[in-house]
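Asker: Got a file for you: work.pdb, PDB, C-alpha atoms, pLDDT in the B column.
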ATOM      1  CA  MET A 163     102.232 184.661 245.944  1.00 79.00           C
ATOM      2  CA  LEU A 164     103.835 185.501 242.624  1.00 84.00           C
ATOM      3  CA  LEU A 165     102.104 184.794 239.346  1.00 85.00           C
ATOM      4  CA  THR A 166     103.816 182.322 237.020  1.00 87.00           C
ATOM      5  CA  GLU A 167     105.131 183.711 233.755  1.00 86.00           C
ATOM      6  CA  GLU A 168     102.255 182.100 231.861  1.00 90.00           C
ATOM      7  CA  GLU A 169      99.565 183.434 234.251  1.00 89.00           C
ATOM      8  CA  LEU A 170     101.175 186.830 234.135  1.00 89.00           C
ATOM      9  CA  ARG A 171     101.242 187.010 230.349  1.00 89.00           C
ATOM     10  CA  GLN A 172      97.597 185.949 230.174  1.00 92.00           C
ATOM     11  CA  GLN A 173      96.441 188.446 232.818  1.00 92.00           C
ATOM     12  CA  VAL A 174      98.422 191.352 231.387  1.00 92.00           C
ATOM     13  CA  SER A 175      96.872 190.724 227.969  1.00 93.00           C
ATOM     14  CA  LYS A 176      93.484 191.512 229.582  1.00 94.00           C
ATOM     15  CA  LEU A 177      94.768 194.702 231.208  1.00 96.00           C
ATOM     16  CA  GLU A 178      94.237 197.472 228.671  1.00 96.00           C
ATOM     17  CA  GLY A 179      97.321 199.623 228.166  1.00 97.00           C
ATOM     18  CA  TRP A 180      99.548 197.885 230.726  1.00 97.00           C
ATOM     19  CA  LYS A 181     102.948 196.487 229.799  1.00 95.00           C
ATOM     20  CA  LEU A 182     105.534 194.383 231.573  1.00 93.00           C
ATOM     21  CA  GLU A 183     108.851 196.053 232.405  1.00 92.00           C
ATOM     22  CA  ASN A 184     110.780 193.123 233.929  1.00 88.00           C
ATOM     23  CA  ASP A 185     109.159 192.648 237.374  1.00 91.00           C
ATOM     24  CA  ILE A 186     107.033 195.776 237.057  1.00 95.00           C
ATOM     25  CA  LEU A 187     103.592 196.458 235.559  1.00 96.00           C
ATOM     26  CA  MET A 188     103.554 199.833 233.803  1.00 98.00           C
ATOM     27  CA  ARG A 189     100.958 202.022 232.111  1.00 98.00           C
ATOM     28  CA  LYS A 190     101.130 205.555 230.743  1.00 98.00           C
ATOM     29  CA  TYR A 191      97.833 207.485 230.851  1.00 98.00           C
ATOM     30  CA  MET A 192      97.466 210.511 228.596  1.00 98.00           C
ATOM     31  CA  PHE A 193      95.088 213.418 229.327  1.00 97.00           C
ATOM     32  CA  ASN A 194      94.018 216.404 227.257  1.00 97.00           C
ATOM     33  CA  GLU A 195      94.214 218.729 230.282  1.00 97.00           C
ATOM     34  CA  TYR A 196      96.839 218.875 233.020  1.00 98.00           C
ATOM     35  CA  MET A 197      94.268 219.091 235.842  1.00 97.00           C
ATOM     36  CA  LYS A 198      92.486 215.978 234.575  1.00 97.00           C
ATOM     37  CA  GLY A 199      95.723 214.071 235.086  1.00 98.00           C
ATOM     38  CA  ILE A 200      95.965 215.488 238.607  1.00 98.00           C
ATOM     39  CA  ALA A 201      92.352 214.460 239.384  1.00 98.00           C
ATOM     40  CA  PHE A 202      93.249 210.965 238.161  1.00 98.00           C
ATOM     41  CA  VAL A 203      96.274 210.913 240.518  1.00 98.00           C
ATOM     42  CA  ASP A 204      93.922 211.818 243.394  1.00 98.00           C
ATOM     43  CA  ALA A 205      91.703 208.849 242.451  1.00 98.00           C
ATOM     44  CA  VAL A 206      94.766 206.572 242.170  1.00 98.00           C
ATOM     45  CA  ALA A 207      95.893 207.695 245.646  1.00 98.00           C
ATOM     46  CA  ALA A 208      92.483 206.871 247.189  1.00 98.00           C
ATOM     47  CA  ILE A 209      92.507 203.415 245.574  1.00 98.00           C
ATOM     48  CA  SER A 210      96.095 202.799 246.752  1.00 98.00           C
ATOM     49  CA  GLU A 211      95.175 203.680 250.317  1.00 98.00           C
ATOM     50  CA  ALA A 212      92.246 201.238 250.191  1.00 97.00           C
ATOM     51  CA  PHE A 213      94.552 198.494 248.849  1.00 96.00           C
ATOM     52  CA  GLU A 214      97.368 199.540 251.214  1.00 96.00           C
ATOM     53  CA  HIS A 215      99.579 199.180 248.159  1.00 97.00           C
ATOM     54  CA  HIS A 216     100.979 202.256 246.420  1.00 98.00           C
ATOM     55  CA  PRO A 217     102.153 202.455 242.816  1.00 98.00           C
ATOM     56  CA  HIS A 218     105.123 204.552 241.786  1.00 98.00           C
ATOM     57  CA  ILE A 219     103.621 207.610 240.048  1.00 98.00           C
ATOM     58  CA  THR A 220     105.222 210.086 237.669  1.00 98.00           C
ATOM     59  CA  ILE A 221     103.497 213.189 236.336  1.00 98.00           C
ATOM     60  CA  ASP A 222     105.098 214.577 233.219  1.00 98.00           C
ATOM     61  CA  TYR A 223     102.776 217.418 232.197  1.00 97.00           C
ATOM     62  CA  LYS A 224      99.674 215.660 230.742  1.00 98.00           C
ATOM     63  CA  THR A 225     101.092 212.138 231.026  1.00 98.00           C
ATOM     64  CA  VAL A 226     100.706 210.126 234.227  1.00 98.00           C
ATOM     65  CA  THR A 227     102.714 206.895 234.486  1.00 98.00           C
ATOM     66  CA  LEU A 228     101.952 204.213 237.061  1.00 98.00           C
ATOM     67  CA  ARG A 229     104.299 201.362 237.993  1.00 98.00           C
ATOM     68  CA  LEU A 230     103.142 198.482 240.165  1.00 97.00           C
ATOM     69  CA  THR A 231     105.059 195.649 241.758  1.00 95.00           C
ATOM     70  CA  SER A 232     105.135 193.784 245.077  1.00 93.00           C
ATOM     71  CA  ILE A 233     108.666 194.243 246.392  1.00 89.00           C
ATOM     72  CA  GLU A 234     108.036 191.933 249.411  1.00 87.00           C
ATOM     73  CA  ALA A 235     107.036 189.111 247.018  1.00 90.00           C
ATOM     74  CA  GLY A 236     109.794 189.882 244.506  1.00 90.00           C
ATOM     75  CA  GLY A 237     107.531 190.517 241.537  1.00 92.00           C
ATOM     76  CA  ILE A 238     103.954 190.882 240.338  1.00 94.00           C
ATOM     77  CA  THR A 239     101.111 189.347 242.371  1.00 94.00           C
ATOM     78  CA  PRO A 240      97.322 189.037 241.833  1.00 93.00           C
ATOM     79  CA  LEU A 241      96.973 192.160 244.030  1.00 94.00           C
ATOM     80  CA  ASP A 242      98.941 194.232 241.498  1.00 96.00           C
ATOM     81  CA  VAL A 243      96.713 192.968 238.686  1.00 96.00           C
ATOM     82  CA  ARG A 244      93.477 193.729 240.594  1.00 96.00           C
ATOM     83  CA  GLU A 245      94.724 197.186 241.438  1.00 98.00           C
ATOM     84  CA  ALA A 246      95.709 197.875 237.809  1.00 98.00           C
ATOM     85  CA  HIS A 247      92.118 197.038 236.775  1.00 98.00           C
ATOM     86  CA  GLU A 248      90.817 199.574 239.317  1.00 98.00           C
ATOM     87  CA  PHE A 249      93.198 202.250 238.016  1.00 98.00           C
ATOM     88  CA  ASN A 250      91.852 201.625 234.498  1.00 98.00           C
ATOM     89  CA  GLU A 251      88.288 202.067 235.768  1.00 98.00           C
ATOM     90  CA  ALA A 252      89.270 205.316 237.483  1.00 98.00           C
ATOM     91  CA  PHE A 253      90.839 206.472 234.212  1.00 98.00           C
ATOM     92  CA  GLU A 254      87.590 205.866 232.326  1.00 96.00           C
ATOM     93  CA  LYS A 255      85.810 208.093 234.871  1.00 93.00           C
ATOM     94  CA  ASN A 256      88.454 210.858 234.908  1.00 86.00           C
ATOM     95  CA  ARG A 257      89.702 211.044 231.317  1.00 86.00           C
TER      96      ARG A 257
ATOM     97  CA  MET B 214     116.870 234.183 229.986  1.00 80.00           C
ATOM     98  CA  LEU B 215     119.158 231.663 231.628  1.00 84.00           C
ATOM     99  CA  LEU B 216     120.870 232.378 234.923  1.00 86.00           C
ATOM    100  CA  THR B 217     124.668 232.473 234.883  1.00 87.00           C
ATOM    101  CA  GLU B 218     126.437 229.746 236.817  1.00 86.00           C
ATOM    102  CA  GLU B 219     127.330 232.231 239.569  1.00 90.00           C
ATOM    103  CA  GLU B 220     123.738 233.594 239.867  1.00 89.00           C
ATOM    104  CA  LEU B 221     122.410 230.087 239.868  1.00 89.00           C
ATOM    105  CA  ARG B 222     124.705 228.880 242.639  1.00 89.00           C
ATOM    106  CA  GLN B 223     123.809 231.914 244.755  1.00 92.00           C
ATOM    107  CA  GLN B 224     120.057 231.551 244.228  1.00 92.00           C
ATOM    108  CA  VAL B 225     120.008 227.797 244.826  1.00 92.00           C
ATOM    109  CA  SER B 226     121.849 228.321 248.138  1.00 93.00           C
ATOM    110  CA  LYS B 227     118.798 230.334 249.281  1.00 94.00           C
ATOM    111  CA  LEU B 228     116.337 227.643 248.154  1.00 96.00           C
ATOM    112  CA  GLU B 229     115.943 225.277 251.095  1.00 96.00           C
ATOM    113  CA  GLY B 230     116.302 221.628 250.125  1.00 97.00           C
ATOM    114  CA  TRP B 231     116.816 222.172 246.389  1.00 97.00           C
ATOM    115  CA  LYS B 232     119.839 220.797 244.554  1.00 95.00           C
ATOM    116  CA  LEU B 233     121.250 221.154 241.079  1.00 93.00           C
ATOM    117  CA  GLU B 234     121.187 218.068 238.852  1.00 92.00           C
ATOM    118  CA  ASN B 235     122.979 219.383 235.745  1.00 88.00           C
ATOM    119  CA  ASP B 236     120.374 221.685 234.117  1.00 91.00           C
ATOM    120  CA  ILE B 237     117.613 220.688 236.514  1.00 95.00           C
ATOM    121  CA  LEU B 238     116.550 221.970 239.936  1.00 96.00           C
ATOM    122  CA  MET B 239     115.488 219.060 242.160  1.00 98.00           C
ATOM    123  CA  ARG B 240     113.988 218.664 245.612  1.00 98.00           C
ATOM    124  CA  LYS B 241     112.676 215.613 247.472  1.00 98.00           C
ATOM    125  CA  TYR B 242     109.885 216.333 249.969  1.00 98.00           C
ATOM    126  CA  MET B 243     109.208 213.757 252.687  1.00 98.00           C
ATOM    127  CA  PHE B 244     105.815 213.341 254.411  1.00 97.00           C
ATOM    128  CA  ASN B 245     104.742 211.289 257.424  1.00 97.00           C
ATOM    129  CA  GLU B 246     101.466 210.312 255.710  1.00 97.00           C
ATOM    130  CA  TYR B 247     100.854 209.281 252.111  1.00 98.00           C
ATOM    131  CA  MET B 248      97.787 211.522 251.704  1.00 97.00           C
ATOM    132  CA  LYS B 249      99.737 214.570 252.902  1.00 97.00           C
ATOM    133  CA  GLY B 250     102.109 214.041 250.001  1.00 98.00           C
ATOM    134  CA  ILE B 251      99.117 213.815 247.646  1.00 98.00           C
ATOM    135  CA  ALA B 252      97.635 217.048 249.059  1.00 98.00           C
ATOM    136  CA  PHE B 253     101.007 218.683 248.437  1.00 98.00           C
ATOM    137  CA  VAL B 254     100.964 217.446 244.816  1.00 98.00           C
ATOM    138  CA  ASP B 255      97.517 219.074 244.426  1.00 98.00           C
ATOM    139  CA  ALA B 256      98.976 222.368 245.696  1.00 98.00           C
ATOM    140  CA  VAL B 257     101.988 221.997 243.364  1.00 98.00           C
ATOM    141  CA  ALA B 258      99.610 221.416 240.437  1.00 98.00           C
ATOM    142  CA  ALA B 259      97.618 224.581 241.209  1.00 98.00           C
ATOM    143  CA  ILE B 260     100.826 226.647 241.426  1.00 98.00           C
ATOM    144  CA  SER B 261     102.121 225.140 238.151  1.00 98.00           C
ATOM    145  CA  GLU B 262      98.921 226.034 236.360  1.00 98.00           C
ATOM    146  CA  ALA B 263      99.200 229.628 237.624  1.00 97.00           C
ATOM    147  CA  PHE B 264     102.836 229.803 236.413  1.00 96.00           C
ATOM    148  CA  GLU B 265     101.962 227.900 233.205  1.00 96.00           C
ATOM    149  CA  HIS B 266     105.121 225.936 233.964  1.00 97.00           C
ATOM    150  CA  HIS B 267     104.897 222.361 235.205  1.00 98.00           C
ATOM    151  CA  PRO B 268     107.560 220.480 237.158  1.00 98.00           C
ATOM    152  CA  HIS B 269     108.241 216.805 236.638  1.00 98.00           C
ATOM    153  CA  ILE B 270     106.701 215.070 239.676  1.00 98.00           C
ATOM    154  CA  THR B 271     107.354 211.617 241.088  1.00 98.00           C
ATOM    155  CA  ILE B 272     105.434 210.099 243.978  1.00 98.00           C
ATOM    156  CA  ASP B 273     107.234 207.216 245.638  1.00 98.00           C
ATOM    157  CA  TYR B 274     105.011 206.370 248.620  1.00 97.00           C
ATOM    158  CA  LYS B 275     105.618 209.206 251.132  1.00 98.00           C
ATOM    159  CA  THR B 276     108.317 210.936 249.084  1.00 98.00           C
ATOM    160  CA  VAL B 277     107.418 213.523 246.438  1.00 98.00           C
ATOM    161  CA  THR B 278     110.214 214.646 244.119  1.00 98.00           C
ATOM    162  CA  LEU B 279     109.956 217.777 241.974  1.00 98.00           C
ATOM    163  CA  ARG B 280     112.246 218.609 239.061  1.00 98.00           C
ATOM    164  CA  LEU B 281     112.180 222.023 237.409  1.00 97.00           C
ATOM    165  CA  THR B 282     113.855 223.291 234.269  1.00 95.00           C
ATOM    166  CA  SER B 283     112.992 225.481 231.289  1.00 93.00           C
ATOM    167  CA  ILE B 284     113.504 223.277 228.257  1.00 89.00           C
ATOM    168  CA  GLU B 285     112.762 226.160 225.817  1.00 87.00           C
ATOM    169  CA  ALA B 286     115.588 228.191 227.403  1.00 90.00           C
ATOM    170  CA  GLY B 287     117.920 225.206 227.722  1.00 90.00           C
ATOM    171  CA  GLY B 288     118.358 225.398 231.487  1.00 92.00           C
ATOM    172  CA  ILE B 289     117.247 227.070 234.698  1.00 94.00           C
ATOM    173  CA  THR B 290     115.655 230.527 234.573  1.00 94.00           C
ATOM    174  CA  PRO B 291     114.459 232.992 237.254  1.00 93.00           C
ATOM    175  CA  LEU B 292     110.951 231.563 236.715  1.00 94.00           C
ATOM    176  CA  ASP B 293     112.120 228.133 237.904  1.00 96.00           C
ATOM    177  CA  VAL B 294     113.654 229.694 241.012  1.00 96.00           C
ATOM    178  CA  ARG B 295     110.510 231.704 241.836  1.00 96.00           C
ATOM    179  CA  GLU B 296     108.356 228.639 241.386  1.00 98.00           C
ATOM    180  CA  ALA B 297     110.646 226.530 243.621  1.00 98.00           C
ATOM    181  CA  HIS B 298     110.171 229.134 246.384  1.00 98.00           C
ATOM    182  CA  GLU B 299     106.381 228.802 246.033  1.00 98.00           C
ATOM    183  CA  PHE B 300     106.592 224.996 246.219  1.00 98.00           C
ATOM    184  CA  ASN B 301     108.574 225.348 249.451  1.00 98.00           C
ATOM    185  CA  GLU B 302     105.876 227.630 250.876  1.00 98.00           C
ATOM    186  CA  ALA B 303     103.191 225.120 249.901  1.00 98.00           C
ATOM    187  CA  PHE B 304     105.225 222.392 251.622  1.00 98.00           C
ATOM    188  CA  GLU B 305     105.300 224.372 254.874  1.00 96.00           C
ATOM    189  CA  LYS B 306     101.487 224.580 254.713  1.00 93.00           C
ATOM    190  CA  ASN B 307     100.935 220.905 253.794  1.00 86.00           C
ATOM    191  CA  ARG B 308     103.639 218.980 255.677  1.00 86.00           C
TER     192      ARG B 308
END
Would you mind writing the structure in this file as structure tokens?
Answerer:
Amino acid sequence: MLLTEEELRQQVSKLEGWKLENDILMRKYMFNEYMKGIAFVDAVAAISEAFEHHPHITIDYKTVTLRLTSIEAGGITPLDVREAHEFNEAFEKNR
Amino acid sequence: MLLTEEELRQQVSKLEGWKLENDILMRKYMFNEYMKGIAFVDAVAAISEAFEHHPHITIDYKTVTLRLTSIEAGGITPLDVREAHEFNEAFEKNR
């Protein structure tokens, strides 16, 4: 089930650091050490396996970018939003 | 020191799976399990730290793409080629 535009805007406003890129939720996470970014990616991978829903990840030296969407649903669902909250919690533990 | 076009073409032909994308060396690695791709990324990160030279990494579910270039030198150097060989060795151990 997709979120309506209004629901989406409201929920994204509560998601620290996340932005909308058309039908994609995106956040860039910055680290002060390369290996901290890699440890964060390991945490993101474990969360994604638990959710059975995997974000697109890019690692550009100390910057890790996550992009979430639900291709089957054609946009962003409550699952994407819940997962984004978990990634933020993992960031607080790994930063 | 940049490689000449001729040297580059010759060296890339010996690098299994790697292609030239303008001034960038690129390879896509495919895994049959998501967590195998993540373990490979961990190995890539350790190699990059040893080389003090970090590839651009994307993780798209079970596909990990690496891109290597030496921005300071303005293109591909022997260091990029040596590192690509090490990533291929790590892939053979983690696939």
Asker: Leaving out Phe193 of chain A and any residue of its chain fewer than 4 positions from it, which residues lie within 7 Å of it when counting only C-alpha atoms, given as a list in words?
Answerer: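 That gives Lys198, Gly199, Lys224, Thr225 and Arg257 of chain A.
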Asker: For chain A, which residue out of B:Asn307, B:Thr290, B:Thr271, B:Thr278 is the nearest one, using all atoms listed in the file?
Answerer: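 Counting all atoms listed in the file, the residue closest to chain A is B:Thr271.
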Asker: Find the distance between atom CA of Ile270 of chain B and atom CA of Ile237 of chain B and write it in Å to one decimal.
Answerer: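 Atom CA of Ile270 of chain B sits 12.7 Å away from atom CA of Ile237 of chain B.
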Asker: Could you tell me which residues the PyMOL selection byres ((chain A) within 8 of (chain B)) returns for this structure, as a list in words?
Answerer: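 On this input, the PyMOL selection byres ((chain A) within 8 of (chain B)) captures Met197, Ile200, Asp204, Ala207, His216, Pro217, His218, Ile219, Thr220, Ile221, Asp222 and Tyr223 of chain A.
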Asker: Matching every Cα in sequence order between the two identical chains, what are the coordinates of chain A once fitted onto chain B? Write them as a JSON list (two decimals) with C-alpha atoms, keeping the file's coordinate frame.
Answerer:
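Done, and the output landed in out.json:
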[["chain", "number", "residue", "atom", "x", "y", "z"],
["A", 163, "MET", "CA", 116.89, 234.19, 229.98],
["A", 164, "LEU", "CA", 119.17, 231.66, 231.64],
["A", 165, "LEU", "CA", 120.87, 232.38, 234.93],
["A", 166, "THR", "CA", 124.67, 232.46, 234.89],
["A", 167, "GLU", "CA", 126.44, 229.74, 236.83],
["A", 168, "GLU", "CA", 127.33, 232.22, 239.58],
["A", 169, "GLU", "CA", 123.76, 233.60, 239.87],
["A", 170, "LEU", "CA", 122.42, 230.08, 239.87],
["A", 171, "ARG", "CA", 124.71, 228.89, 242.65],
["A", 172, "GLN", "CA", 123.82, 231.91, 244.77],
["A", 173, "GLN", "CA", 120.06, 231.55, 244.23],
["A", 174, "VAL", "CA", 120.02, 227.80, 244.83],
["A", 175, "SER", "CA", 121.85, 228.31, 248.13],
["A", 176, "LYS", "CA", 118.79, 230.32, 249.28],
["A", 177, "LEU", "CA", 116.34, 227.64, 248.16],
["A", 178, "GLU", "CA", 115.94, 225.28, 251.10],
["A", 179, "GLY", "CA", 116.30, 221.63, 250.13],
["A", 180, "TRP", "CA", 116.82, 222.17, 246.39],
["A", 181, "LYS", "CA", 119.84, 220.78, 244.57],
["A", 182, "LEU", "CA", 121.24, 221.15, 241.08],
["A", 183, "GLU", "CA", 121.18, 218.07, 238.85],
["A", 184, "ASN", "CA", 122.96, 219.38, 235.73],
["A", 185, "ASP", "CA", 120.37, 221.69, 234.10],
["A", 186, "ILE", "CA", 117.61, 220.68, 236.51],
["A", 187, "LEU", "CA", 116.55, 221.96, 239.94],
["A", 188, "MET", "CA", 115.49, 219.06, 242.17],
["A", 189, "ARG", "CA", 113.98, 218.65, 245.62],
["A", 190, "LYS", "CA", 112.68, 215.61, 247.48],
["A", 191, "TYR", "CA", 109.88, 216.33, 249.98],
["A", 192, "MET", "CA", 109.21, 213.76, 252.69],
["A", 193, "PHE", "CA", 105.83, 213.35, 254.43],
["A", 194, "ASN", "CA", 104.75, 211.30, 257.42],
["A", 195, "GLU", "CA", 101.48, 210.31, 255.72],
["A", 196, "TYR", "CA", 100.87, 209.28, 252.12],
["A", 197, "MET", "CA", 97.79, 211.52, 251.72],
["A", 198, "LYS", "CA", 99.74, 214.56, 252.91],
["A", 199, "GLY", "CA", 102.11, 214.03, 249.99],
["A", 200, "ILE", "CA", 99.12, 213.81, 247.65],
["A", 201, "ALA", "CA", 97.63, 217.05, 249.06],
["A", 202, "PHE", "CA", 101.02, 218.69, 248.44],
["A", 203, "VAL", "CA", 100.96, 217.45, 244.82],
["A", 204, "ASP", "CA", 97.51, 219.06, 244.43],
["A", 205, "ALA", "CA", 98.97, 222.36, 245.70],
["A", 206, "VAL", "CA", 101.98, 222.00, 243.37],
["A", 207, "ALA", "CA", 99.61, 221.41, 240.43],
["A", 208, "ALA", "CA", 97.61, 224.59, 241.20],
["A", 209, "ILE", "CA", 100.82, 226.64, 241.43],
["A", 210, "SER", "CA", 102.11, 225.13, 238.16],
["A", 211, "GLU", "CA", 98.90, 226.04, 236.36],
["A", 212, "ALA", "CA", 99.19, 229.63, 237.62],
["A", 213, "PHE", "CA", 102.82, 229.80, 236.42],
["A", 214, "GLU", "CA", 101.96, 227.90, 233.21],
["A", 215, "HIS", "CA", 105.11, 225.94, 233.97],
["A", 216, "HIS", "CA", 104.89, 222.35, 235.20],
["A", 217, "PRO", "CA", 107.56, 220.48, 237.16],
["A", 218, "HIS", "CA", 108.23, 216.80, 236.63],
["A", 219, "ILE", "CA", 106.70, 215.07, 239.67],
["A", 220, "THR", "CA", 107.35, 211.61, 241.08],
["A", 221, "ILE", "CA", 105.44, 210.09, 243.98],
["A", 222, "ASP", "CA", 107.24, 207.23, 245.64],
["A", 223, "TYR", "CA", 105.02, 206.36, 248.61],
["A", 224, "LYS", "CA", 105.62, 209.20, 251.14],
["A", 225, "THR", "CA", 108.32, 210.94, 249.08],
["A", 226, "VAL", "CA", 107.42, 213.51, 246.44],
["A", 227, "THR", "CA", 110.22, 214.65, 244.11],
["A", 228, "LEU", "CA", 109.95, 217.78, 241.97],
["A", 229, "ARG", "CA", 112.25, 218.61, 239.05],
["A", 230, "LEU", "CA", 112.18, 222.02, 237.40],
["A", 231, "THR", "CA", 113.85, 223.29, 234.27],
["A", 232, "SER", "CA", 112.99, 225.50, 231.28],
["A", 233, "ILE", "CA", 113.49, 223.29, 228.24],
["A", 234, "GLU", "CA", 112.78, 226.18, 225.80],
["A", 235, "ALA", "CA", 115.60, 228.21, 227.40],
["A", 236, "GLY", "CA", 117.94, 225.22, 227.73],
["A", 237, "GLY", "CA", 118.37, 225.39, 231.49],
["A", 238, "ILE", "CA", 117.25, 227.07, 234.70],
["A", 239, "THR", "CA", 115.65, 230.53, 234.57],
["A", 240, "PRO", "CA", 114.45, 233.01, 237.25],
["A", 241, "LEU", "CA", 110.94, 231.56, 236.71],
["A", 242, "ASP", "CA", 112.11, 228.12, 237.89],
["A", 243, "VAL", "CA", 113.65, 229.69, 241.00],
["A", 244, "ARG", "CA", 110.50, 231.70, 241.83],
["A", 245, "GLU", "CA", 108.36, 228.63, 241.38],
["A", 246, "ALA", "CA", 110.64, 226.53, 243.60],
["A", 247, "HIS", "CA", 110.17, 229.13, 246.38],
["A", 248, "GLU", "CA", 106.39, 228.80, 246.02],
["A", 249, "PHE", "CA", 106.60, 225.00, 246.21],
["A", 250, "ASN", "CA", 108.58, 225.35, 249.46],
["A", 251, "GLU", "CA", 105.87, 227.63, 250.88],
["A", 252, "ALA", "CA", 103.19, 225.12, 249.89],
["A", 253, "PHE", "CA", 105.23, 222.40, 251.62],
["A", 254, "GLU", "CA", 105.30, 224.39, 254.86],
["A", 255, "LYS", "CA", 101.49, 224.59, 254.72],
["A", 256, "ASN", "CA", 100.93, 220.92, 253.79],
["A", 257, "ARG", "CA", 103.63, 219.02, 255.69]]
Asker: Identify, on the basis of all atoms listed in the file, every residue whose closest approach to Thr217 of chain B does not exceed 12 Å; exclude the query and any residue fewer than 2 positions from it along the same chain; express the result as an NGL selection string.
Answerer: :B and (214-215 or 219-225 or 236 or 288-291)
Asker: Running the PyMOL selection byres ((chain B and resi 303) around 10) on this model by hand, what would come out? Give it as a list of chain:residue names.
Answerer: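 Applied to this file, the PyMOL selection byres ((chain B and resi 303) around 10) selects B:Ala252, B:Phe253, B:Val254, B:Asp255, B:Ala256, B:Val257, B:Ile260, B:Ala297, B:His298, B:Glu299, B:Phe300, B:Asn301, B:Glu302, B:Phe304, B:Glu305, B:Lys306, B:Asn307, B:Arg308.
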Asker: Can you tell me how far atom CA of Asn184 of chain A sits from atom CA of Arg280 of chain B, in Å to one decimal?
Answerer: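 Answer for the atom CA of Asn184 of chain A to atom CA of Arg280 of chain B separation: 26.0 Å.
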Asker: Rounded to one decimal, what separation in Å do you get between atom CA of Gly236 of chain A and atom CA of Lys181 of chain A?
Answerer: 17.5 Å
Asker: B:Val294, B:Leu216, B:Glu265, B:Glu246: which is nearest Trp231 of chain B, counting only C-alpha atoms?
Answerer: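 Among the listed residues, B:Val294 lies closest to Trp231 of chain B.
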